[in-house]
file query32.pdb (PDB, C-alpha atoms)
ATOM      1  CA  MET A 854       0.000   0.000   0.000  1.00  0.00           C
ATOM      2  CA  LEU A 855       2.776   2.446   0.884  1.00  0.00           C
ATOM      3  CA  GLN A 856       4.552   1.697  -2.384  1.00  0.00           C
ATOM      4  CA  ARG A 857       1.338   2.395  -4.318  1.00  0.00           C
ATOM      5  CA  ALA A 858       0.804   5.554  -2.261  1.00  0.00           C
ATOM      6  CA  ARG A 859       4.285   6.838  -3.070  1.00  0.00           C
ATOM      7  CA  GLN A 860       3.535   6.273  -6.767  1.00  0.00           C
ATOM      8  CA  ASN A 861       0.037   7.745  -6.390  1.00  0.00           C
ATOM      9  CA  ALA A 862      -1.352   4.518  -7.883  1.00  0.00           C
ATOM     10  CA  PHE A 863      -4.636   3.737  -6.172  1.00  0.00           C
ATOM     11  CA  PHE A 864      -7.622   1.689  -7.203  1.00  0.00           C
ATOM     12  CA  ASN A 865     -11.078   1.184  -5.790  1.00  0.00           C
ATOM     13  CA  ALA A 866     -11.841  -1.669  -3.457  1.00  0.00           C
ATOM     14  CA  PRO A 867     -14.722  -3.523  -5.147  1.00  0.00           C
ATOM     15  CA  LEU A 868     -16.103  -4.727  -1.820  1.00  0.00           C
ATOM     16  CA  GLU A 869     -15.612  -1.483   0.099  1.00  0.00           C
ATOM     17  CA  TRP A 870     -19.319  -0.907   0.719  1.00  0.00           C
ATOM     18  CA  ASP A 871     -19.876  -4.541   1.693  1.00  0.00           C
ATOM     19  CA  ILE A 872     -16.948  -4.491   4.093  1.00  0.00           C
ATOM     20  CA  LYS A 873     -18.208  -1.263   5.693  1.00  0.00           C
ATOM     21  CA  MET A 874     -21.639  -2.792   6.192  1.00  0.00           C
ATOM     22  CA  LEU A 875     -20.732  -6.341   7.177  1.00  0.00           C
ATOM     23  CA  TYR A 876     -17.684  -5.600   9.309  1.00  0.00           C
ATOM     24  CA  PRO A 877     -18.136  -2.091  10.730  1.00  0.00           C
ATOM     25  CA  SER A 878     -15.729  -2.546  13.650  1.00  0.00           C
ATOM     26  CA  GLU A 879     -12.927  -3.864  11.463  1.00  0.00           C
ATOM     27  CA  TYR A 880     -13.538  -1.052   8.981  1.00  0.00           C
ATOM     28  CA  GLU A 881     -13.430   1.606  11.704  1.00  0.00           C
ATOM     29  CA  TYR A 882     -10.136   0.230  13.023  1.00  0.00           C
ATOM     30  CA  SER A 883      -8.819   0.258   9.478  1.00  0.00           C
ATOM     31  CA  LEU A 884      -9.730   3.918   9.033  1.00  0.00           C
ATOM     32  CA  LYS A 885      -7.767   4.660  12.204  1.00  0.00           C
ATOM     33  CA  ALA A 886      -4.835   2.673  10.809  1.00  0.00           C
ATOM     34  CA  VAL A 887      -4.931   4.709   7.584  1.00  0.00           C
ATOM     35  CA  GLU A 888      -4.960   7.937   9.560  1.00  0.00           C
ATOM     36  CA  LEU A 889      -2.054   6.757  11.708  1.00  0.00           C
ATOM     37  CA  MET A 890      -0.050   5.812   8.605  1.00  0.00           C
ATOM     38  CA  ARG A 891      -0.750   9.232   7.094  1.00  0.00           C
ATOM     39  CA  GLU A 892       0.557  10.906  10.247  1.00  0.00           C
ATOM     40  CA  ARG A 893       3.669   8.733  10.506  1.00  0.00           C
ATOM     41  CA  THR A 894       4.650   8.684   6.837  1.00  0.00           C
ATOM     42  CA  GLY A 895       3.380  12.032   5.557  1.00  0.00           C
ATOM     43  CA  ILE A 896       1.995  10.177   2.535  1.00  0.00           C
ATOM     44  CA  LYS A 897      -1.496  10.918   1.270  1.00  0.00           C
ATOM     45  CA  ILE A 898      -3.296   7.609   1.709  1.00  0.00           C
ATOM     46  CA  PRO A 899      -6.958   7.579   0.639  1.00  0.00           C
ATOM     47  CA  ASP A 900      -9.652   6.219   2.941  1.00  0.00           C
ATOM     48  CA  GLN A 901     -10.474   3.518   0.373  1.00  0.00           C
ATOM     49  CA  GLU A 902      -7.338   1.683   1.534  1.00  0.00           C
ATOM     50  CA  ALA A 903      -9.180   0.974   4.790  1.00  0.00           C
ATOM     51  CA  ALA A 904     -11.244  -1.707   3.018  1.00  0.00           C
ATOM     52  CA  PHE A 905      -8.097  -3.634   2.086  1.00  0.00           C
ATOM     53  CA  ILE A 906      -6.724  -3.341   5.613  1.00  0.00           C
ATOM     54  CA  ALA A 907     -10.086  -4.461   7.027  1.00  0.00           C
ATOM     55  CA  LEU A 908      -9.866  -7.647   4.965  1.00  0.00           C
ATOM     56  CA  HIS A 909      -6.614  -8.458   6.735  1.00  0.00           C
ATOM     57  CA  PHE A 910      -8.237  -7.835  10.126  1.00  0.00           C
ATOM     58  CA  ILE A 911     -11.138 -10.095   9.137  1.00  0.00           C
ATOM     59  CA  ASN A 912      -8.727 -12.795   7.986  1.00  0.00           C
ATOM     60  CA  SER A 913      -6.805 -12.714  11.236  1.00  0.00           C
ATOM     61  CA  HIS A 914      -9.967 -12.628  13.357  1.00  0.00           C
ATOM     62  CA  TYR A 915     -11.328 -15.794  11.781  1.00  0.00           C
ATOM     63  CA  ASP A 916      -7.923 -17.476  11.553  1.00  0.00           C
ATOM     64  CA  ASN A 917      -8.159 -17.599   7.801  1.00  0.00           C
ATOM     65  CA  ARG A 918      -4.997 -17.491   5.695  1.00  0.00           C
ATOM     66  CA  ASP A 919      -6.693 -17.243   2.312  1.00  0.00           C
ATOM     67  CA  MET A 920      -7.652 -13.695   1.281  1.00  0.00           C
ATOM     68  CA  GLN A 921      -9.554 -14.976  -1.765  1.00  0.00           C
ATOM     69  CA  GLU A 922     -11.733 -17.086   0.500  1.00  0.00           C
ATOM     70  CA  THR A 923     -12.478 -14.057   2.683  1.00  0.00           C
ATOM     71  CA  VAL A 924     -13.465 -11.999  -0.360  1.00  0.00           C
ATOM     72  CA  PHE A 925     -15.633 -14.866  -1.631  1.00  0.00           C
ATOM     73  CA  ILE A 926     -17.314 -15.299   1.758  1.00  0.00           C
ATOM     74  CA  THR A 927     -18.056 -11.563   1.874  1.00  0.00           C
ATOM     75  CA  LYS A 928     -19.684 -11.683  -1.578  1.00  0.00           C
ATOM     76  CA  VAL A 929     -21.838 -14.697  -0.660  1.00  0.00           C
ATOM     77  CA  ILE A 930     -22.975 -13.066   2.589  1.00  0.00           C
ATOM     78  CA  GLN A 931     -23.921  -9.887   0.741  1.00  0.00           C
ATOM     79  CA  ASN A 932     -25.921 -11.927  -1.804  1.00  0.00           C
ATOM     80  CA  VAL A 933     -27.736 -13.749   1.000  1.00  0.00           C
ATOM     81  CA  LEU A 934     -28.493 -10.455   2.763  1.00  0.00           C
ATOM     82  CA  ASN A 935     -29.844  -9.013  -0.482  1.00  0.00           C
ATOM     83  CA  ILE A 936     -32.190 -11.986  -0.858  1.00  0.00           C
ATOM     84  CA  ALA A 937     -33.330 -11.654   2.766  1.00  0.00           C
ATOM     85  CA  SER A 938     -33.832  -7.866   2.521  1.00  0.00           C
ATOM     86  CA  TYR A 939     -35.876  -8.327  -0.622  1.00  0.00           C
ATOM     87  CA  HIS A 940     -37.898 -11.164   0.938  1.00  0.00           C
ATOM     88  CA  TYR A 941     -38.737  -9.171   4.068  1.00  0.00           C
ATOM     89  CA  GLY A 942     -39.177  -5.945   2.123  1.00  0.00           C
ATOM     90  CA  ARG A 943     -36.775  -3.911   4.236  1.00  0.00           C
ATOM     91  CA  PRO A 944     -33.147  -3.413   5.128  1.00  0.00           C
ATOM     92  CA  PHE A 945     -31.765  -4.696   8.414  1.00  0.00           C
ATOM     93  CA  ASP A 946     -30.267  -2.801  11.313  1.00  0.00           C
ATOM     94  CA  ARG A 947     -26.613  -3.512  10.629  1.00  0.00           C
ATOM     95  CA  SER A 948     -25.606  -2.304  14.064  1.00  0.00           C
ATOM     96  CA  SER A 949     -27.771  -4.848  15.870  1.00  0.00           C
ATOM     97  CA  TYR A 950     -26.540  -7.874  17.761  1.00  0.00           C
ATOM     98  CA  ASN A 951     -28.776 -10.170  15.687  1.00  0.00           C
ATOM     99  CA  PHE A 952     -27.300  -8.821  12.456  1.00  0.00           C
ATOM    100  CA  SER A 953     -23.806  -9.483  13.762  1.00  0.00           C
ATOM    101  CA  ARG A 954     -24.795 -13.018  14.805  1.00  0.00           C
ATOM    102  CA  PHE A 955     -26.324 -13.661  11.378  1.00  0.00           C
ATOM    103  CA  VAL A 956     -23.158 -12.530   9.581  1.00  0.00           C
ATOM    104  CA  THR A 957     -21.035 -14.696  11.882  1.00  0.00           C
ATOM    105  CA  HIS A 958     -23.293 -17.701  11.241  1.00  0.00           C
ATOM    106  CA  MET A 959     -23.067 -17.082   7.498  1.00  0.00           C
ATOM    107  CA  ARG A 960     -19.252 -16.837   7.612  1.00  0.00           C
ATOM    108  CA  TYR A 961     -18.984 -20.258   9.218  1.00  0.00           C
ATOM    109  CA  PHE A 962     -21.695 -21.667   6.963  1.00  0.00           C
ATOM    110  CA  VAL A 963     -19.889 -20.520   3.789  1.00  0.00           C
ATOM    111  CA  ARG A 964     -16.554 -21.799   5.098  1.00  0.00           C
ATOM    112  CA  ARG A 965     -18.140 -25.218   5.707  1.00  0.00           C
ATOM    113  CA  GLN A 966     -19.558 -25.238   2.176  1.00  0.00           C
ATOM    114  CA  VAL A 967     -16.260 -24.190   0.585  1.00  0.00           C
ATOM    115  CA  ARG A 968     -14.385 -26.857   2.523  1.00  0.00           C
ATOM    116  CA  GLY A 969     -16.979 -29.567   1.911  1.00  0.00           C
ATOM    117  CA  GLU A 970     -17.763 -29.956   5.599  1.00  0.00           C
ATOM    118  CA  ASP A 971     -21.213 -31.028   6.726  1.00  0.00           C
ATOM    119  CA  LEU A 972     -23.046 -29.665   9.725  1.00  0.00           C
ATOM    120  CA  SER A 973     -24.203 -32.762  11.505  1.00  0.00           C
ATOM    121  CA  ALA A 974     -26.944 -31.716  13.857  1.00  0.00           C
ATOM    122  CA  ASP A 975     -30.365 -32.991  14.762  1.00  0.00           C
ATOM    123  CA  SER A 976     -32.769 -31.448  12.286  1.00  0.00           C
ATOM    124  CA  SER A 977     -35.833 -33.377  13.428  1.00  0.00           C
ATOM    125  CA  ILE A 978     -37.476 -30.157  14.605  1.00  0.00           C
ATOM    126  CA  LEU A 979     -37.286 -28.566  11.136  1.00  0.00           C
ATOM    127  CA  GLY A 980     -40.923 -29.505  10.468  1.00  0.00           C
ATOM    128  CA  ALA A 981     -42.120 -27.708  13.587  1.00  0.00           C
ATOM    129  CA  VAL A 982     -39.862 -24.708  12.973  1.00  0.00           C
ATOM    130  CA  SER A 983     -40.987 -24.427   9.349  1.00  0.00           C
ATOM    131  CA  LYS A 984     -44.624 -24.273  10.489  1.00  0.00           C
ATOM    132  CA  LYS A 985     -44.044 -21.838  13.337  1.00  0.00           C
ATOM    133  CA  TYR A 986     -41.757 -19.500  11.356  1.00  0.00           C
ATOM    134  CA  ILE A 987     -43.320 -19.832   7.915  1.00  0.00           C
ATOM    135  CA  ASN A 988     -41.984 -16.573   6.487  1.00  0.00           C
ATOM    136  CA  ASP A 989     -38.452 -17.221   7.745  1.00  0.00           C
ATOM    137  CA  TYR A 990     -38.529 -20.780   6.414  1.00  0.00           C
ATOM    138  CA  GLN A 991     -39.665 -19.518   2.991  1.00  0.00           C
ATOM    139  CA  CYS A 992     -36.763 -17.063   2.987  1.00  0.00           C
ATOM    140  CA  ALA A 993     -34.363 -19.875   3.933  1.00  0.00           C
ATOM    141  CA  LEU A 994     -35.675 -21.924   1.006  1.00  0.00           C
ATOM    142  CA  LYS A 995     -35.089 -18.978  -1.377  1.00  0.00           C
ATOM    143  CA  ILE A 996     -31.529 -18.683  -0.116  1.00  0.00           C
ATOM    144  CA  LYS A 997     -31.070 -22.451  -0.398  1.00  0.00           C
ATOM    145  CA  SER A 998     -32.309 -22.380  -3.988  1.00  0.00           C
ATOM    146  CA  PHE A 999     -29.979 -19.504  -4.867  1.00  0.00           C
ATOM    147  CA  LEU A1000     -26.944 -21.210  -3.312  1.00  0.00           C
ATOM    148  CA  GLU A1001     -27.710 -24.499  -5.023  1.00  0.00           C
ATOM    149  CA  LYS A1002     -28.155 -22.801  -8.379  1.00  0.00           C
ATOM    150  CA  GLU A1003     -25.279 -20.314  -8.127  1.00  0.00           C
ATOM    151  CA  TYR A1004     -22.640 -22.411  -6.328  1.00  0.00           C
ATOM    152  CA  LYS A1005     -23.920 -25.977  -6.753  1.00  0.00           C
ATOM    153  CA  TRP A1006     -24.020 -26.423  -2.972  1.00  0.00           C
ATOM    154  CA  GLN A1007     -26.290 -28.990  -1.371  1.00  0.00           C
ATOM    155  CA  LEU A1008     -27.697 -27.647   1.889  1.00  0.00           C
ATOM    156  CA  SER A1009     -28.582 -30.200   4.514  1.00  0.00           C
ATOM    157  CA  SER A1010     -31.800 -29.944   6.475  1.00  0.00           C
ATOM    158  CA  SER A1011     -29.639 -28.979   9.492  1.00  0.00           C
ATOM    159  CA  GLU A1012     -28.278 -25.984   7.571  1.00  0.00           C
ATOM    160  CA  VAL A1013     -31.805 -24.972   6.526  1.00  0.00           C
ATOM    161  CA  LEU A1014     -32.950 -25.291  10.149  1.00  0.00           C
ATOM    162  CA  TYR A1015     -30.178 -23.041  11.468  1.00  0.00           C
ATOM    163  CA  LEU A1016     -30.625 -20.591   8.612  1.00  0.00           C
ATOM    164  CA  THR A1017     -34.356 -20.358   9.398  1.00  0.00           C
ATOM    165  CA  LEU A1018     -33.661 -19.708  13.081  1.00  0.00           C
ATOM    166  CA  TYR A1019     -31.052 -17.035  12.368  1.00  0.00           C
ATOM    167  CA  LEU A1020     -33.355 -15.405   9.807  1.00  0.00           C
ATOM    168  CA  ASN A1021     -36.080 -15.326  12.449  1.00  0.00           C
ATOM    169  CA  ARG A1022     -33.787 -13.476  14.825  1.00  0.00           C
ATOM    170  CA  LEU A1023     -32.663 -11.132  12.091  1.00  0.00           C
ATOM    171  CA  SER A1024     -36.173 -10.388  10.846  1.00  0.00           C
ATOM    172  CA  THR A1025     -37.682  -9.727  14.264  1.00  0.00           C
ATOM    173  CA  ASN A1026     -34.962  -7.317  15.344  1.00  0.00           C
TER
END

call {"tool": "encode", "arguments": {"input": "query32.pdb", "output": "structure tokens"}}
result
Amino acid sequence: MLQRARQNAFFNAPLEWDIKMLYPSEYEYSLKAVELMRERTGIKIPDQEAAFIALHFINSHYDNRDMQETVFITKVIQNVLNIASYHYGRPFDRSSYNFSRFVTHMRYFVRRQVRGEDLSADSSILGAVSKKYINDYQCALKIKSFLEKEYKWQLSSSEVLYLTLYLNRLSTN
């Protein structure tokens, strides 16, 4: 980054908005890091660099060594949130605890899918949950359909159960 800054060669971070919305704490720390680097080096570093720094914070927080995987996970989460926002007809409070929990759940879910790991949990209550939380279950099925079509993932009934429960929390916030 400093080498690019010295050469005045900057480019936009394609996921900047997503990173700001999905990882606000990491992004805020990154903005502080950019400001600190400006002060210490005297180099004009644009705020857009904060998104790239935030990705490194996110990687280290989730003990992930693969930056491409982190970028991919962020894109999938944003797609899922777009489907959910459209389904419920409203945006979500991105500063809420339930939003944060949903994003965390989705991070681990996508990592399991990418790595071919299966969530083995008792999904026998899915029938009851799908009847009690009809709207959330329908949203989970839309997300399942999208993920199967777009990424060729096969979601287990356990994953659909957990997704329905997290959507319920997210939607009632």

call {"tool": "resolve_selection", "arguments": {"input": "query32.pdb", "expression": "the PyMOL selection byres ((chain A and resi 923-937) around 10)", "output": "short mmCIF file (atom, residue, chain, number, x, y, z; two decimals) with C-alpha atoms, keeping the file's coordinate frame"}}
result
data_model
loop_
_atom_site.label_atom_id
_atom_site.label_comp_id
_atom_site.auth_asym_id
_atom_site.auth_seq_id
_atom_site.Cartn_x
_atom_site.Cartn_y
_atom_site.Cartn_z
CA PRO A 867 -14.72 -3.52 -5.15
CA LEU A 868 -16.10 -4.73 -1.82
CA ASP A 871 -19.88 -4.54 1.69
CA ILE A 872 -16.95 -4.49 4.09
CA MET A 874 -21.64 -2.79 6.19
CA LEU A 875 -20.73 -6.34 7.18
CA TYR A 876 -17.68 -5.60 9.31
CA LEU A 908 -9.87 -7.65 4.96
CA HIS A 909 -6.61 -8.46 6.74
CA ILE A 911 -11.14 -10.10 9.14
CA ASN A 912 -8.73 -12.80 7.99
CA TYR A 915 -11.33 -15.79 11.78
CA ASN A 917 -8.16 -17.60 7.80
CA ARG A 918 -5.00 -17.49 5.70
CA ASP A 919 -6.69 -17.24 2.31
CA MET A 920 -7.65 -13.70 1.28
CA GLN A 921 -9.55 -14.98 -1.76
CA GLU A 922 -11.73 -17.09 0.50
CA SER A 938 -33.83 -7.87 2.52
CA TYR A 939 -35.88 -8.33 -0.62
CA HIS A 940 -37.90 -11.16 0.94
CA TYR A 941 -38.74 -9.17 4.07
CA GLY A 942 -39.18 -5.94 2.12
CA ARG A 943 -36.78 -3.91 4.24
CA PRO A 944 -33.15 -3.41 5.13
CA PHE A 945 -31.76 -4.70 8.41
CA PHE A 952 -27.30 -8.82 12.46
CA PHE A 955 -26.32 -13.66 11.38
CA VAL A 956 -23.16 -12.53 9.58
CA THR A 957 -21.04 -14.70 11.88
CA HIS A 958 -23.29 -17.70 11.24
CA MET A 959 -23.07 -17.08 7.50
CA ARG A 960 -19.25 -16.84 7.61
CA TYR A 961 -18.98 -20.26 9.22
CA PHE A 962 -21.70 -21.67 6.96
CA VAL A 963 -19.89 -20.52 3.79
CA ARG A 964 -16.55 -21.80 5.10
CA VAL A 967 -16.26 -24.19 0.58
CA ASP A 989 -38.45 -17.22 7.74
CA CYS A 992 -36.76 -17.06 2.99
CA ALA A 993 -34.36 -19.88 3.93
CA LYS A 995 -35.09 -18.98 -1.38
CA ILE A 996 -31.53 -18.68 -0.12
CA LYS A 997 -31.07 -22.45 -0.40
CA PHE A 999 -29.98 -19.50 -4.87
CA LEU A 1000 -26.94 -21.21 -3.31
CA GLU A 1003 -25.28 -20.31 -8.13
CA TYR A 1004 -22.64 -22.41 -6.33
CA LEU A 1020 -33.35 -15.40 9.81
CA LEU A 1023 -32.66 -11.13 12.09
CA SER A 1024 -36.17 -10.39 10.85
#

call {"tool": "closest_residue", "arguments": {"input": "query32.pdb", "among": "A:Phe910, A:Gln966, A:Gln860, A:Glu879", "to": "Ile898 of chain A", "atoms": "all atoms listed in the file"}}
result
A:Gln860

call {"tool": "resolve_selection", "arguments": {"input": "query32.pdb", "expression": "the PyMOL selection byres ((chain A and resi 1014) around 12)", "output": "count of residues only"}}
result
35

call {"tool": "atom_distance", "arguments": {"input": "query32.pdb", "atom1": "atom CA of Glu888 of chain A", "atom2": "atom CA of Asp900 of chain A"}}
result
8.3 Å

call {"tool": "atom_distance", "arguments": {"input": "query32.pdb", "atom1": "atom CA of Phe905 of chain A", "atom2": "atom CA of Asn861 of chain A"}}
result
16.4 Å

call {"tool": "atom_distance", "arguments": {"input": "query32.pdb", "atom1": "atom CA of Tyr950 of chain A", "atom2": "atom CA of Arg1022 of chain A"}}
result
9.6 Å

call {"tool": "closest_residue", "arguments": {"input": "query32.pdb", "among": "A:Ala903, A:Lys897, A:Met890, A:Gln856", "to": "Glu869 of chain A", "atoms": "all atoms listed in the file"}}
result
A:Ala903
